[in-house]
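Inspection log for the structure reproduced underneath, given as structure tokens.
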Amino acid sequence: MKDRTHSLPSFSAWLNKGFDLRQHAAQMTDARLHPEISPASVLLALFHAFVFRLPSFQQLDSELGHCSLQHWIGAERPFRDDTLRYSLCGFDLGPLETMLVEVNRRFKRGKVFDQGRVQGRLVAALDGIEVLSSFSRPCENCLQRRVTRKDQAGRKIEQTQYYHRAVGCQMIHSRVKPFLAFEWLQPGEGEETAALRLLRRLPQQYGTRCFDLLLLDALYAQAAVLELAQKSGWEVVISLKQNSRDWYQSAVRLFARRPPEDSCSESQDHKIYRVQLWDTEGLPFSIDHPEPVRVVRSEEVLERNRFRESQSEVHSTNHEWLWITTLPSSAFPCKAIRQLGHQRWKNENNGWMDLTKHWAFQHGFLHACQHRPKPRTPSGQREPVPNGGLAAVTLIWLIAAALSGCFVLRHSKLARRDHLTAVAVAAQLHAWISKAPPSIRAPDSGPGATPDRSAAPLRLPLQPAAAGTCLFPGFSAAVSSF
């Protein structure tokens, strides 16, 4: 009977045939001199660890003892987690970024992004996340802030907290939702500065048509962002919040005395939304950027049942939403703008939350790691290389998440037939590593002979034998004599 579980050989064959994984791995370099374990093996080891959803380097350390995993990553011998740390801290980030771009380019050529288009447009979302924070372990790239906390005695004290924050751009309209790019905040700059740097880099890597519509948070409601989007040919939908006080209050006053243009009701997950919509076009964005924009307002009443004292009662909450957009009302009515505005939460739920919950994204791998290569400087002294371990691990994370998601949602017939989740597929691939190859014992030397149980079992060869060659001549002789 055919095996009904996923296997690592089939997964690796799909990766190498469709995305040239081993060819990309061969391009990796690090700061070590004449390493015994190649950077390609280090990359493949960590890539498989993330595919298996392993939460730490220590668990990967134990898995590297399996000969099957050593074979698939091209390592001649098992190695420890200190080799991973030493190599990744000095990893060259350029080939990793090129690999992420090439994976997403192949997604688009393979029409992975075609399903779920919004009126023919590809939709991406951009938002930031805090990756890690610490009060005791800083590195040279950490951001700093003063935080009030309580000590063991319950007294309020103020301490310096070190943290890392980044901005990511993700495709959100399709079933497969890969990240296109990732940008770290540098000390002394805000999130909007890193976002502009990332948006300027996207046309150079993917071209201006990598997506058509960009969903943004209220933090990016700035003239520089709109100018860059207009230059690149992107339409935008920006959520407004009360932290953008001037814009928010002006929009509220604009719709205060007007009846709604449209209203609707919809049911979703045992909830009922009663919506009223307002829409206005031709408003100048700002004095510095007087380009006309469109403002859409939504007042929503959410009704759902709650149990209080063993009785079900209807509970209602009121919500107000405001969006700025450059989309025309002829193609996108206010109902479509509302749906797009709420789709930005897919970046939170299917992006950051999924990475944090199922991929140990906020584990803080290699943050402030001191075990780094120390090449000689022109003066002859040895100095440690800048720590790029966290950035390297994050890029490998994003590559593994993109390829795993595409394998489960687009390629695997078993996942569709058996309704398997991505976590279940990862568990099956991980379980394949522990499956030892079947032992084959040579036949007895004569009639009545007792088999030698202590002898080491024969193993199947890794390479197929040539045509006409018998793999087990002793077995053939026994059969012929019988």
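The chains in the structure tokens are called A, B, ... from first to last as shown; in each chain the residues are counted from 1, and the ligands are counted from 1 in the order shown.
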
Problem - Nearby residues (only C-alpha atoms) at most 6 Å from segment 229-240 of chain A, same-chain spacing under 6 positions excluded, as number ranges by chain - result: A: 208, 212-218, 322-326

Please produce a file of those selected residues containing N, CA and C atoms, as a JSON list (two decimals), in the first residue's frame.
[["chain", "number", "residue", "atom", "x", "y", "z"],
["A", 208, "THR", "N", 8.20, 47.59, -10.67],
["A", 208, "THR", "CA", 7.07, 48.34, -10.10],
["A", 208, "THR", "C", 5.77, 47.55, -10.13],
["A", 212, "ASP", "N", -0.09, 45.82, -7.13],
["A", 212, "ASP", "CA", -0.82, 46.98, -7.65],
["A", 212, "ASP", "C", -1.41, 47.85, -6.55],
["A", 213, "LEU", "N", -1.69, 47.25, -5.39],
["A", 213, "LEU", "CA", -2.40, 47.96, -4.33],
["A", 213, "LEU", "C", -1.68, 47.71, -3.01],
["A", 214, "LEU", "N", -1.43, 48.77, -2.26],
["A", 214, "LEU", "CA", -0.69, 48.68, -1.01],
["A", 214, "LEU", "C", -1.57, 49.16, 0.14],
["A", 215, "LEU", "N", -1.72, 48.32, 1.17],
["A", 215, "LEU", "CA", -2.49, 48.65, 2.36],
["A", 215, "LEU", "C", -1.53, 49.08, 3.46],
["A", 216, "LEU", "N", -1.83, 50.22, 4.11],
["A", 216, "LEU", "CA", -0.91, 50.82, 5.08],
["A", 216, "LEU", "C", -1.65, 51.20, 6.35],
["A", 217, "ASP", "N", -0.87, 51.31, 7.42],
["A", 217, "ASP", "CA", -1.39, 51.76, 8.70],
["A", 217, "ASP", "C", -1.37, 53.29, 8.75],
["A", 218, "ALA", "N", -2.00, 53.85, 9.79],
["A", 218, "ALA", "CA", -2.09, 55.31, 9.91],
["A", 218, "ALA", "C", -0.72, 55.96, 10.07],
["A", 322, "LEU", "N", -11.91, 54.86, 9.37],
["A", 322, "LEU", "CA", -11.68, 55.87, 8.34],
["A", 322, "LEU", "C", -10.50, 55.42, 7.48],
["A", 323, "TRP", "N", -10.64, 55.60, 6.18],
["A", 323, "TRP", "CA", -9.57, 55.23, 5.26],
["A", 323, "TRP", "C", -9.34, 56.34, 4.24],
["A", 324, "ILE", "N", -8.07, 56.53, 3.89],
["A", 324, "ILE", "CA", -7.67, 57.39, 2.77],
["A", 324, "ILE", "C", -7.26, 56.47, 1.63],
["A", 325, "THR", "N", -7.71, 56.77, 0.43],
["A", 325, "THR", "CA", -7.36, 55.92, -0.70],
["A", 325, "THR", "C", -7.22, 56.75, -1.97],
["A", 326, "THR", "N", -6.46, 56.22, -2.90],
["A", 326, "THR", "CA", -6.33, 56.82, -4.23],
["A", 326, "THR", "C", -7.11, 56.03, -5.27]]

Handout entry: Members of segment 242-382 of chain A assigned alpha helix (DSSP H) by DSSP, as a ChimeraX atom specification
Key = /A:245-255,334-343,345-346,354-358

Go ahead and write the selection's residues with N, CA and C atoms as a PDB file, in the first residue's frame.
ATOM      1  N   ARG A 245      -4.241  62.975  14.446  1.00  0.00           N
ATOM      2  CA  ARG A 245      -5.353  63.737  15.002  1.00  0.00           C
ATOM      3  C   ARG A 245      -5.941  64.735  14.016  1.00  0.00           C
ATOM      4  N   ASP A 246      -5.101  65.478  13.306  1.00  0.00           N
ATOM      5  CA  ASP A 246      -5.619  66.505  12.400  1.00  0.00           C
ATOM      6  C   ASP A 246      -6.447  65.893  11.290  1.00  0.00           C
ATOM      7  N   TRP A 247      -5.899  64.859  10.653  1.00  0.00           N
ATOM      8  CA  TRP A 247      -6.631  64.206   9.574  1.00  0.00           C
ATOM      9  C   TRP A 247      -7.905  63.567  10.116  1.00  0.00           C
ATOM     10  N   TYR A 248      -7.820  62.921  11.236  1.00  0.00           N
ATOM     11  CA  TYR A 248      -8.963  62.193  11.788  1.00  0.00           C
ATOM     12  C   TYR A 248     -10.103  63.156  12.137  1.00  0.00           C
ATOM     13  N   GLN A 249      -9.783  64.224  12.823  1.00  0.00           N
ATOM     14  CA  GLN A 249     -10.827  65.168  13.211  1.00  0.00           C
ATOM     15  C   GLN A 249     -11.442  65.867  12.006  1.00  0.00           C
ATOM     16  N   SER A 250     -10.622  66.179  10.998  1.00  0.00           N
ATOM     17  CA  SER A 250     -11.163  66.811   9.796  1.00  0.00           C
ATOM     18  C   SER A 250     -12.124  65.878   9.071  1.00  0.00           C
ATOM     19  N   ALA A 251     -11.774  64.600   9.009  1.00  0.00           N
ATOM     20  CA  ALA A 251     -12.654  63.642   8.331  1.00  0.00           C
ATOM     21  C   ALA A 251     -13.956  63.441   9.097  1.00  0.00           C
ATOM     22  N   VAL A 252     -13.877  63.410  10.434  1.00  0.00           N
ATOM     23  CA  VAL A 252     -15.089  63.238  11.233  1.00  0.00           C
ATOM     24  C   VAL A 252     -16.021  64.436  11.045  1.00  0.00           C
ATOM     25  N   ARG A 253     -15.468  65.644  11.057  1.00  0.00           N
ATOM     26  CA  ARG A 253     -16.309  66.841  10.841  1.00  0.00           C
ATOM     27  C   ARG A 253     -16.896  66.861   9.447  1.00  0.00           C
ATOM     28  N   LEU A 254     -16.165  66.305   8.469  1.00  0.00           N
ATOM     29  CA  LEU A 254     -16.640  66.307   7.096  1.00  0.00           C
ATOM     30  C   LEU A 254     -17.938  65.511   6.950  1.00  0.00           C
ATOM     31  N   PHE A 255     -18.041  64.383   7.683  1.00  0.00           N
ATOM     32  CA  PHE A 255     -19.205  63.508   7.532  1.00  0.00           C
ATOM     33  C   PHE A 255     -20.231  63.690   8.653  1.00  0.00           C
ATOM     34  N   CYS A 334     -17.526  52.198  -2.055  1.00  0.00           N
ATOM     35  CA  CYS A 334     -17.119  52.303  -0.647  1.00  0.00           C
ATOM     36  C   CYS A 334     -17.155  50.949   0.058  1.00  0.00           C
ATOM     37  N   LYS A 335     -18.041  50.022  -0.369  1.00  0.00           N
ATOM     38  CA  LYS A 335     -18.035  48.693   0.234  1.00  0.00           C
ATOM     39  C   LYS A 335     -16.729  47.971  -0.030  1.00  0.00           C
ATOM     40  N   ALA A 336     -16.190  48.109  -1.243  1.00  0.00           N
ATOM     41  CA  ALA A 336     -14.919  47.465  -1.569  1.00  0.00           C
ATOM     42  C   ALA A 336     -13.771  48.080  -0.780  1.00  0.00           C
ATOM     43  N   ILE A 337     -13.811  49.400  -0.549  1.00  0.00           N
ATOM     44  CA  ILE A 337     -12.764  50.053   0.238  1.00  0.00           C
ATOM     45  C   ILE A 337     -12.811  49.550   1.680  1.00  0.00           C
ATOM     46  N   ARG A 338     -14.002  49.357   2.216  1.00  0.00           N
ATOM     47  CA  ARG A 338     -14.116  48.826   3.577  1.00  0.00           C
ATOM     48  C   ARG A 338     -13.516  47.424   3.673  1.00  0.00           C
ATOM     49  N   GLN A 339     -13.815  46.586   2.703  1.00  0.00           N
ATOM     50  CA  GLN A 339     -13.259  45.232   2.729  1.00  0.00           C
ATOM     51  C   GLN A 339     -11.744  45.252   2.611  1.00  0.00           C
ATOM     52  N   LEU A 340     -11.213  46.117   1.750  1.00  0.00           N
ATOM     53  CA  LEU A 340      -9.757  46.219   1.624  1.00  0.00           C
ATOM     54  C   LEU A 340      -9.128  46.734   2.912  1.00  0.00           C
ATOM     55  N   GLY A 341      -9.779  47.707   3.533  1.00  0.00           N
ATOM     56  CA  GLY A 341      -9.240  48.228   4.780  1.00  0.00           C
ATOM     57  C   GLY A 341      -9.154  47.182   5.867  1.00  0.00           C
ATOM     58  N   HIS A 342     -10.150  46.294   5.933  1.00  0.00           N
ATOM     59  CA  HIS A 342     -10.120  45.223   6.929  1.00  0.00           C
ATOM     60  C   HIS A 342      -9.169  44.097   6.542  1.00  0.00           C
ATOM     61  N   GLN A 343      -8.866  43.958   5.256  1.00  0.00           N
ATOM     62  CA  GLN A 343      -7.930  42.918   4.837  1.00  0.00           C
ATOM     63  C   GLN A 343      -6.508  43.190   5.313  1.00  0.00           C
ATOM     64  N   TRP A 345      -5.602  43.399   8.165  1.00  0.00           N
ATOM     65  CA  TRP A 345      -5.362  42.563   9.341  1.00  0.00           C
ATOM     66  C   TRP A 345      -4.812  41.193   8.973  1.00  0.00           C
ATOM     67  N   LYS A 346      -4.901  40.815   7.681  1.00  0.00           N
ATOM     68  CA  LYS A 346      -4.274  39.565   7.274  1.00  0.00           C
ATOM     69  C   LYS A 346      -2.757  39.625   7.452  1.00  0.00           C
ATOM     70  N   ASP A 354       1.279  34.377  12.741  1.00  0.00           N
ATOM     71  CA  ASP A 354       1.617  33.009  12.362  1.00  0.00           C
ATOM     72  C   ASP A 354       3.098  32.736  12.591  1.00  0.00           C
ATOM     73  N   LEU A 355       3.964  33.695  12.237  1.00  0.00           N
ATOM     74  CA  LEU A 355       5.394  33.513  12.471  1.00  0.00           C
ATOM     75  C   LEU A 355       5.704  33.427  13.961  1.00  0.00           C
ATOM     76  N   THR A 356       5.011  34.216  14.755  1.00  0.00           N
ATOM     77  CA  THR A 356       5.277  34.213  16.190  1.00  0.00           C
ATOM     78  C   THR A 356       4.763  32.953  16.860  1.00  0.00           C
ATOM     79  N   LYS A 357       3.576  32.488  16.474  1.00  0.00           N
ATOM     80  CA  LYS A 357       2.951  31.354  17.152  1.00  0.00           C
ATOM     81  C   LYS A 357       3.512  30.021  16.699  1.00  0.00           C
ATOM     82  N   HIS A 358       3.744  29.857  15.396  1.00  0.00           N
ATOM     83  CA  HIS A 358       4.107  28.553  14.847  1.00  0.00           C
ATOM     84  C   HIS A 358       5.558  28.455  14.380  1.00  0.00           C
TER      85      HIS A 358
END

Practice task
Find the spatial neighbours of Trp321 of chain A, counting only C-alpha atoms, within a cut-off of 7 Å - ignore same-chain residues fewer than 5 positions away - and output them as a count of residues only.
Solution key: 3

Problem - Proximity to Phe19 of chain A - best of A:His430, A:His371, A:Arg106, A:Arg145, only C-alpha atoms - result: A:Arg106

Please report as CSV every residue of segment 32-115 of chain A lying within 12 Å of segment 5-12 of chain A, along with the nearest atom pair and their distance in Å (one decimal), using only C-alpha atoms.
residue,atom,partner,partner_atom,distance
A:Leu44,CA,A:Ser12,CA,10.7
A:Phe47,CA,A:Ser12,CA,11.4
A:His48,CA,A:Leu8,CA,9.6
A:Val51,CA,A:Phe11,CA,10.4
A:Phe52,CA,A:Leu8,CA,10.4
A:Ser68,CA,A:Leu8,CA,9.4
A:Leu69,CA,A:Leu8,CA,9.2
A:His71,CA,A:Pro9,CA,10.8
A:Trp72,CA,A:Ser12,CA,8.2
A:Ile73,CA,A:Ser12,CA,10.1

Keeping only N, CA and C atoms, write the selected residues as a short mmCIF file (atom, residue, chain, number, x, y, z; two decimals), in the first residue's frame.
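File produced: result-v6.cif:
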data_model
loop_
_atom_site.label_atom_id
_atom_site.label_comp_id
_atom_site.auth_asym_id
_atom_site.auth_seq_id
_atom_site.Cartn_x
_atom_site.Cartn_y
_atom_site.Cartn_z
N LEU A 44 21.09 24.84 4.71
CA LEU A 44 20.10 23.77 4.55
C LEU A 44 19.69 23.18 5.89
N PHE A 47 17.32 25.73 7.36
CA PHE A 47 16.10 25.73 6.54
C PHE A 47 15.21 24.55 6.90
N HIS A 48 15.80 23.35 6.99
CA HIS A 48 15.01 22.18 7.35
C HIS A 48 14.49 22.27 8.78
N VAL A 51 11.43 24.32 8.56
CA VAL A 51 10.37 23.55 7.90
C VAL A 51 9.76 22.55 8.88
N PHE A 52 10.60 21.96 9.74
CA PHE A 52 10.10 21.01 10.74
C PHE A 52 9.49 21.72 11.95
N SER A 68 20.15 10.53 7.98
CA SER A 68 19.28 10.95 6.88
C SER A 68 19.33 12.46 6.69
N LEU A 69 19.26 13.22 7.78
CA LEU A 69 19.33 14.67 7.67
C LEU A 69 20.70 15.12 7.20
N HIS A 71 22.58 13.56 5.19
CA HIS A 71 22.62 13.29 3.75
C HIS A 71 21.93 14.40 2.97
N TRP A 72 20.76 14.85 3.45
CA TRP A 72 19.99 15.82 2.68
C TRP A 72 20.59 17.21 2.73
N ILE A 73 21.34 17.55 3.75
CA ILE A 73 21.97 18.87 3.81
C ILE A 73 23.39 18.84 3.28
#

Exercise for the section: Name all residues at most 8 Å from segment 117-125 of chain A (count only C-alpha atoms; drop same-chain ones fewer than 3 positions away) and give them as a list in words. Expected result: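 After dropping sequence-adjacent residues, the list is Phe113, Asp114, Cys169, Gln170, Met171, Ile172, His173, Ser174, Cys210, Phe211, Asp212, Leu213, Leu214, Leu215, Leu216, Arg344 and Asn347 of chain A.
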
Could you take the residues named above and write them with N, CA and C atoms, as an mmCIF file, in the first residue's frame?
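For reference, again_13.cif as written:
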data_model
loop_
_atom_site.group_PDB
_atom_site.id
_atom_site.type_symbol
_atom_site.label_atom_id
_atom_site.label_comp_id
_atom_site.auth_asym_id
_atom_site.auth_seq_id
_atom_site.Cartn_x
_atom_site.Cartn_y
_atom_site.Cartn_z
ATOM 1 N N PHE A 113 0.119 34.001 -7.299
ATOM 2 C CA PHE A 113 -0.582 35.184 -6.806
ATOM 3 C C PHE A 113 -1.853 35.497 -7.586
ATOM 4 N N ASP A 114 -2.167 34.718 -8.621
ATOM 5 C CA ASP A 114 -3.343 35.054 -9.429
ATOM 6 C C ASP A 114 -4.648 34.784 -8.690
ATOM 7 N N CYS A 169 6.922 43.744 4.189
ATOM 8 C CA CYS A 169 5.894 43.883 3.150
ATOM 9 C C CYS A 169 5.483 42.480 2.716
ATOM 10 N N GLN A 170 4.184 42.190 2.755
ATOM 11 C CA GLN A 170 3.670 40.842 2.536
ATOM 12 C C GLN A 170 2.525 40.860 1.536
ATOM 13 N N MET A 171 2.489 39.867 0.651
ATOM 14 C CA MET A 171 1.338 39.663 -0.215
ATOM 15 C C MET A 171 0.210 39.049 0.614
ATOM 16 N N ILE A 172 -1.002 39.589 0.515
ATOM 17 C CA ILE A 172 -2.077 39.134 1.408
ATOM 18 C C ILE A 172 -3.333 38.679 0.680
ATOM 19 N N HIS A 173 -3.434 38.886 -0.617
ATOM 20 C CA HIS A 173 -4.696 38.550 -1.290
ATOM 21 C C HIS A 173 -4.778 37.079 -1.666
ATOM 22 N N SER A 174 -3.650 36.402 -1.849
ATOM 23 C CA SER A 174 -3.636 35.020 -2.306
ATOM 24 C C SER A 174 -3.585 34.061 -1.122
ATOM 25 N N CYS A 210 5.249 44.468 -9.074
ATOM 26 C CA CYS A 210 5.215 43.323 -8.162
ATOM 27 C C CYS A 210 3.874 43.246 -7.442
ATOM 28 N N PHE A 211 3.220 44.387 -7.248
ATOM 29 C CA PHE A 211 1.841 44.425 -6.756
ATOM 30 C C PHE A 211 1.224 45.715 -7.254
ATOM 31 N N ASP A 212 -0.092 45.818 -7.130
ATOM 32 C CA ASP A 212 -0.823 46.976 -7.652
ATOM 33 C C ASP A 212 -1.407 47.848 -6.554
ATOM 34 N N LEU A 213 -1.687 47.251 -5.394
ATOM 35 C CA LEU A 213 -2.396 47.963 -4.331
ATOM 36 C C LEU A 213 -1.682 47.712 -3.013
ATOM 37 N N LEU A 214 -1.429 48.771 -2.258
ATOM 38 C CA LEU A 214 -0.686 48.684 -1.007
ATOM 39 C C LEU A 214 -1.571 49.163 0.138
ATOM 40 N N LEU A 215 -1.715 48.316 1.172
ATOM 41 C CA LEU A 215 -2.491 48.653 2.357
ATOM 42 C C LEU A 215 -1.534 49.083 3.461
ATOM 43 N N LEU A 216 -1.825 50.216 4.106
ATOM 44 C CA LEU A 216 -0.909 50.816 5.079
ATOM 45 C C LEU A 216 -1.649 51.201 6.347
ATOM 46 N N ARG A 344 -6.219 44.410 5.728
ATOM 47 C CA ARG A 344 -4.871 44.697 6.236
ATOM 48 C C ARG A 344 -4.563 43.857 7.467
ATOM 49 N N ASN A 347 -2.197 40.824 7.336
ATOM 50 C CA ASN A 347 -0.766 40.970 7.597
ATOM 51 C C ASN A 347 -0.453 40.677 9.056
#
